[in-house]
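Reviewing the structure listed below.
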Amino acid sequence: MISHHSSYHGATLGALALTGYTPLASAFDPMMRPMPKIPDPRAYLDHLDANDEATGHYYADMLEDRILAEGPETVLAFIVELVGDASTGALVPPASYMKRIREICTKYGVLLIHDEVMSGGGRTGKFFAAEHWNLAPDILTISKDFTAGYVPLGAMVARNDIVENVLDMGDFLHGYTYAGNPLACAVGLAVLDKIERKGMMDNATKVGAELKAGLQGLMELHKIIGDVRGIDLFLAFELVSNRKTLKPLPRNLNA
Ligand SMILES: Cc1ncc(COP(=O)(O)O)c(C=O)c1O
């Protein structure tokens with residue numbers, strides 16, 4: 001499985017092998033089976049224009065190169081956060097990136113997994129962030145906003161033909177003590193109902209625009225804010241010591 005460096009997909013051994021965040025992973029290196037990584041599409045830090053079609057293709061083509069280098073028959077899937085979480089600070093991929101990624105995965109029979117654990121559930125103004133690009137994955141993951149954080153609930157959603165294949169091969173035998181927990185599912189349903197009835201996704205768009213404008217105002221006041229980015233209520237700003245070099249602030253400042 002191929003993923004981004006930087007990225008966050010979880011802390012259990014399998015998910016950690018996909019997570020591209022060295023300080024977290026290094027203690028477990030001896031136990032992990034390392035998975036290949038490609039750079040996240042950090043146009044801002046590379047001084048590239050994220051709206052230029054060539055920029056998205058430049059980063060997406062690194063996936064094709066990596067699939068070819070590994071041997072397409074050895075690559076099961078590519079996993080990607082639609083809007084990056086803490087590892088990249090709400091990184092939104094360049095405009096043409098995800099479409100090209102979808103094409104490459106389809107071309108080589110590599111499953112495309114959208115990790116919507118952080119970006120799904122409404123905070124980007126759509127239930128799935130992928131809707132901003134009008135794209136469908138083969139598999140997706142969702143959690144967090146799914147229950148508004150009141151109880152733990154996460155889900156993996158896959159295309160019917162993938163699920164049917166697994167069932168035909170003898171069912172999905174991985175079980176957990178709390179899998180399908182009725183309390184968690186009831187809270188999940190109640191949250192989904194509230195998100196819809198209260199128009200919370202539209203609200204995320206409205207309030208997100210206010211928050212973004214506020215952060216952009218701060219950027220005018222403070223030179224250490226180099227970038228304000230994200231979609232609707234999934235926002236971050238980047239702290240830099242210098243807006244030209246985009247160098248981070250010294251670590252000892254603990255910014
Ligand atoms: C994008 C993303 N994927 C996966 C995970 C892992 O989820 P969990 O902590 O439930 O294993 C997280 C958790 O923060 C996340 O932000």
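Going through the structure tokens in order, the chains are called A, B, and so on, while each chain numbers its residues from 1 and the ligands are numbered from 1 in the order shown.
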Test item: residues lying within 7 Å of ligand 1 with only C-alpha atoms and all ligand atoms, as a ChimeraX atom specification: /A:8-11,81,84-85,115-118,143,154
Only C-alpha atoms, please: the residues just picked out, written as a PDB file, in the first residue's frame.
ATOM      1  CA  TYR A   8      -1.747  10.356   9.485  1.00  0.00           C
ATOM      2  CA  HIS A   9      -3.751   7.159   9.216  1.00  0.00           C
ATOM      3  CA  GLY A  10      -3.564   5.805  12.758  1.00  0.00           C
ATOM      4  CA  ALA A  11      -1.250   4.381  15.382  1.00  0.00           C
ATOM      5  CA  GLU A  81      -6.538  12.161   3.150  1.00  0.00           C
ATOM      6  CA  GLY A  84      -4.788  16.712   5.370  1.00  0.00           C
ATOM      7  CA  ASP A  85      -5.131  16.508   9.132  1.00  0.00           C
ATOM      8  CA  ASP A 115      -9.293   8.437   4.549  1.00  0.00           C
ATOM      9  CA  GLU A 116     -12.133  10.747   5.576  1.00  0.00           C
ATOM     10  CA  VAL A 117     -11.680  10.145   9.317  1.00  0.00           C
ATOM     11  CA  MET A 118     -10.962  13.854   9.781  1.00  0.00           C
ATOM     12  CA  SER A 143     -15.014   8.475  12.140  1.00  0.00           C
ATOM     13  CA  GLY A 154     -15.672   4.493  12.936  1.00  0.00           C
TER      14      GLY A 154
END
- request: Could you please write out, as a ChimeraX atom specification, every residue of region 105-216 of chain A that DSSP assigns to strand (DSSP E)?
  value: /A:111-116,139-142,155-158
message: With distances taken over only C-alpha atoms, which residue among A:Gly125, A:Pro137, A:Gly175, A:Pro30 lies nearest Ala209 (chain A)?
response: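 Comparing A:Gly125, A:Pro137, A:Gly175, A:Pro30 against Ala209 (chain A), the winner is A:Gly125.
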query: Of the candidates A:Ser7, A:Ser96, A:Asn254, A:Thr22, which one gets nearest to Asn51 (chain A) if we count only C-alpha atoms?
result: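 Looking only at the distances to Asn51 (chain A), the closest residue turns out to be A:Ser96.
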field: Nearby residues (only C-alpha atoms) at most 7 Å from Ala95 (chain A), same-chain spacing under 6 positions excluded, as number ranges by chain
entry: A: 50-51, 53, 56
query: From the list A:Arg42, A:His5, A:Arg123, A:Arg102, which residue is nearest Val207 (chain A) when using only C-alpha atoms?
result: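 Ranked by minimum distance to Val207 (chain A), first place goes to A:Arg123.
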Counting only C-alpha atoms, the option among A:Cys185, A:Ile224, A:Met169, A:Ile79 closest to Leu239 (chain A):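 Between A:Cys185, A:Ile224, A:Met169, A:Ile79, the residue approaching Leu239 (chain A) most closely is A:Ile224.
Residues lying within 9 Å of region 61-68 of chain A, counting only C-alpha atoms and ignoring same-chain neighbours fewer than 3 positions away, are Ile2, Pro36, Lys37, Ile38, Pro39, Gly56, His57, Tyr58, Gly71, Pro72, Glu73, Thr74, Val75, Phe78, Arg100, Ile101, Ile104, Cys105, Tyr108 and Val110 of chain A.
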Write the residues of the selection above to a file with N, CA and C atoms, as a compact mmCIF listing (two decimals), in the first residue's frame.
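Written out: again-v3.txt:
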# COMPACT_ATOMS: atom_id res chain seq x y z
N ILE A 2 0.48 2.20 -0.81
CA ILE A 2 1.25 3.45 -0.91
C ILE A 2 0.47 4.56 -0.19
N PRO A 36 5.73 1.92 1.01
CA PRO A 36 6.27 3.02 0.21
C PRO A 36 5.46 4.31 0.36
N LYS A 37 6.16 5.44 0.35
CA LYS A 37 5.50 6.75 0.49
C LYS A 37 5.83 7.63 -0.71
N ILE A 38 4.88 8.51 -1.04
CA ILE A 38 5.18 9.58 -2.00
C ILE A 38 4.95 10.91 -1.28
N PRO A 39 5.58 11.99 -1.75
CA PRO A 39 5.40 13.27 -1.05
C PRO A 39 3.95 13.74 -1.12
N GLY A 56 -0.84 19.95 -10.01
CA GLY A 56 -1.52 18.74 -9.54
C GLY A 56 -0.97 17.50 -10.24
N HIS A 57 -0.73 17.63 -11.54
CA HIS A 57 -0.22 16.49 -12.30
C HIS A 57 1.21 16.14 -11.86
N TYR A 58 1.99 17.18 -11.56
CA TYR A 58 3.37 16.96 -11.11
C TYR A 58 3.40 16.05 -9.88
N GLY A 71 6.26 -2.16 -9.06
CA GLY A 71 5.64 -3.24 -9.84
C GLY A 71 4.14 -3.21 -9.57
N PRO A 72 3.33 -2.82 -10.57
CA PRO A 72 1.90 -2.62 -10.33
C PRO A 72 1.22 -3.84 -9.70
N GLU A 73 1.69 -5.05 -10.02
CA GLU A 73 1.04 -6.25 -9.48
C GLU A 73 1.27 -6.40 -7.98
N THR A 74 2.21 -5.63 -7.43
CA THR A 74 2.49 -5.73 -5.99
C THR A 74 1.77 -4.65 -5.18
N VAL A 75 1.09 -3.72 -5.88
CA VAL A 75 0.49 -2.58 -5.17
C VAL A 75 -1.01 -2.83 -5.00
N PHE A 78 -3.78 2.76 -2.75
CA PHE A 78 -3.21 4.06 -2.38
C PHE A 78 -4.19 4.70 -1.41
N ARG A 100 -6.48 13.19 -11.27
CA ARG A 100 -5.37 12.44 -11.86
C ARG A 100 -5.06 11.18 -11.02
N ILE A 101 -5.13 11.33 -9.69
CA ILE A 101 -4.89 10.19 -8.81
C ILE A 101 -5.91 9.08 -9.11
N ILE A 104 -5.02 7.32 -12.31
CA ILE A 104 -3.83 6.45 -12.19
C ILE A 104 -4.22 5.15 -11.46
N CYS A 105 -5.00 5.27 -10.37
CA CYS A 105 -5.39 4.07 -9.62
C CYS A 105 -6.21 3.14 -10.51
N TYR A 108 -4.05 1.21 -13.13
CA TYR A 108 -3.21 0.11 -12.66
C TYR A 108 -3.95 -0.88 -11.76
N VAL A 110 -5.23 -0.31 -8.89
CA VAL A 110 -4.85 -0.05 -7.50
C VAL A 110 -6.07 0.55 -6.80
task: Mind checking which residues fall within 9 Å of Ala136 (chain A), counting only C-alpha atoms, ignoring those fewer than 5 positions away in the same chain, and posting them as a VMD selection string?
output: chain A and resid 102 112 114 130 to 131
- prompt: Please, what distance in Å, to one decimal, runs between CA of Thr205 (chain A) and CA of Lys126 (chain A)?
  reply: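 Atom-to-atom, CA of Thr205 (chain A) and CA of Lys126 (chain A) are spaced 8.9 Å apart.
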Exercise: Leu218 (chain A) partners within 12 Å, only C-alpha atoms, chain neighbours under 6 positions left out, as a list of chain:residue names: A:Leu211, A:Lys212, A:Ile224, A:Ile225, A:Gly226, A:Asp227, A:Val228, A:Phe237, A:Glu238, A:Leu239
Suppose we keep C-alpha atoms; can you now write the selection as an mmCIF file, in the first residue's frame?
data_model
loop_
_atom_site.group_PDB
_atom_site.id
_atom_site.type_symbol
_atom_site.label_atom_id
_atom_site.label_comp_id
_atom_site.auth_asym_id
_atom_site.auth_seq_id
_atom_site.Cartn_x
_atom_site.Cartn_y
_atom_site.Cartn_z
ATOM 1 C CA LEU A 211 -13.282 32.078 10.441
ATOM 2 C CA LYS A 212 -11.138 32.065 7.317
ATOM 3 C CA ILE A 224 4.762 34.609 11.225
ATOM 4 C CA ILE A 225 1.531 33.386 9.582
ATOM 5 C CA GLY A 226 2.643 32.277 6.144
ATOM 6 C CA ASP A 227 -0.519 30.624 4.845
ATOM 7 C CA VAL A 228 -4.167 30.203 5.760
ATOM 8 C CA PHE A 237 -2.550 28.343 9.361
ATOM 9 C CA GLU A 238 1.130 27.736 8.797
ATOM 10 C CA LEU A 239 3.718 29.403 11.024
#
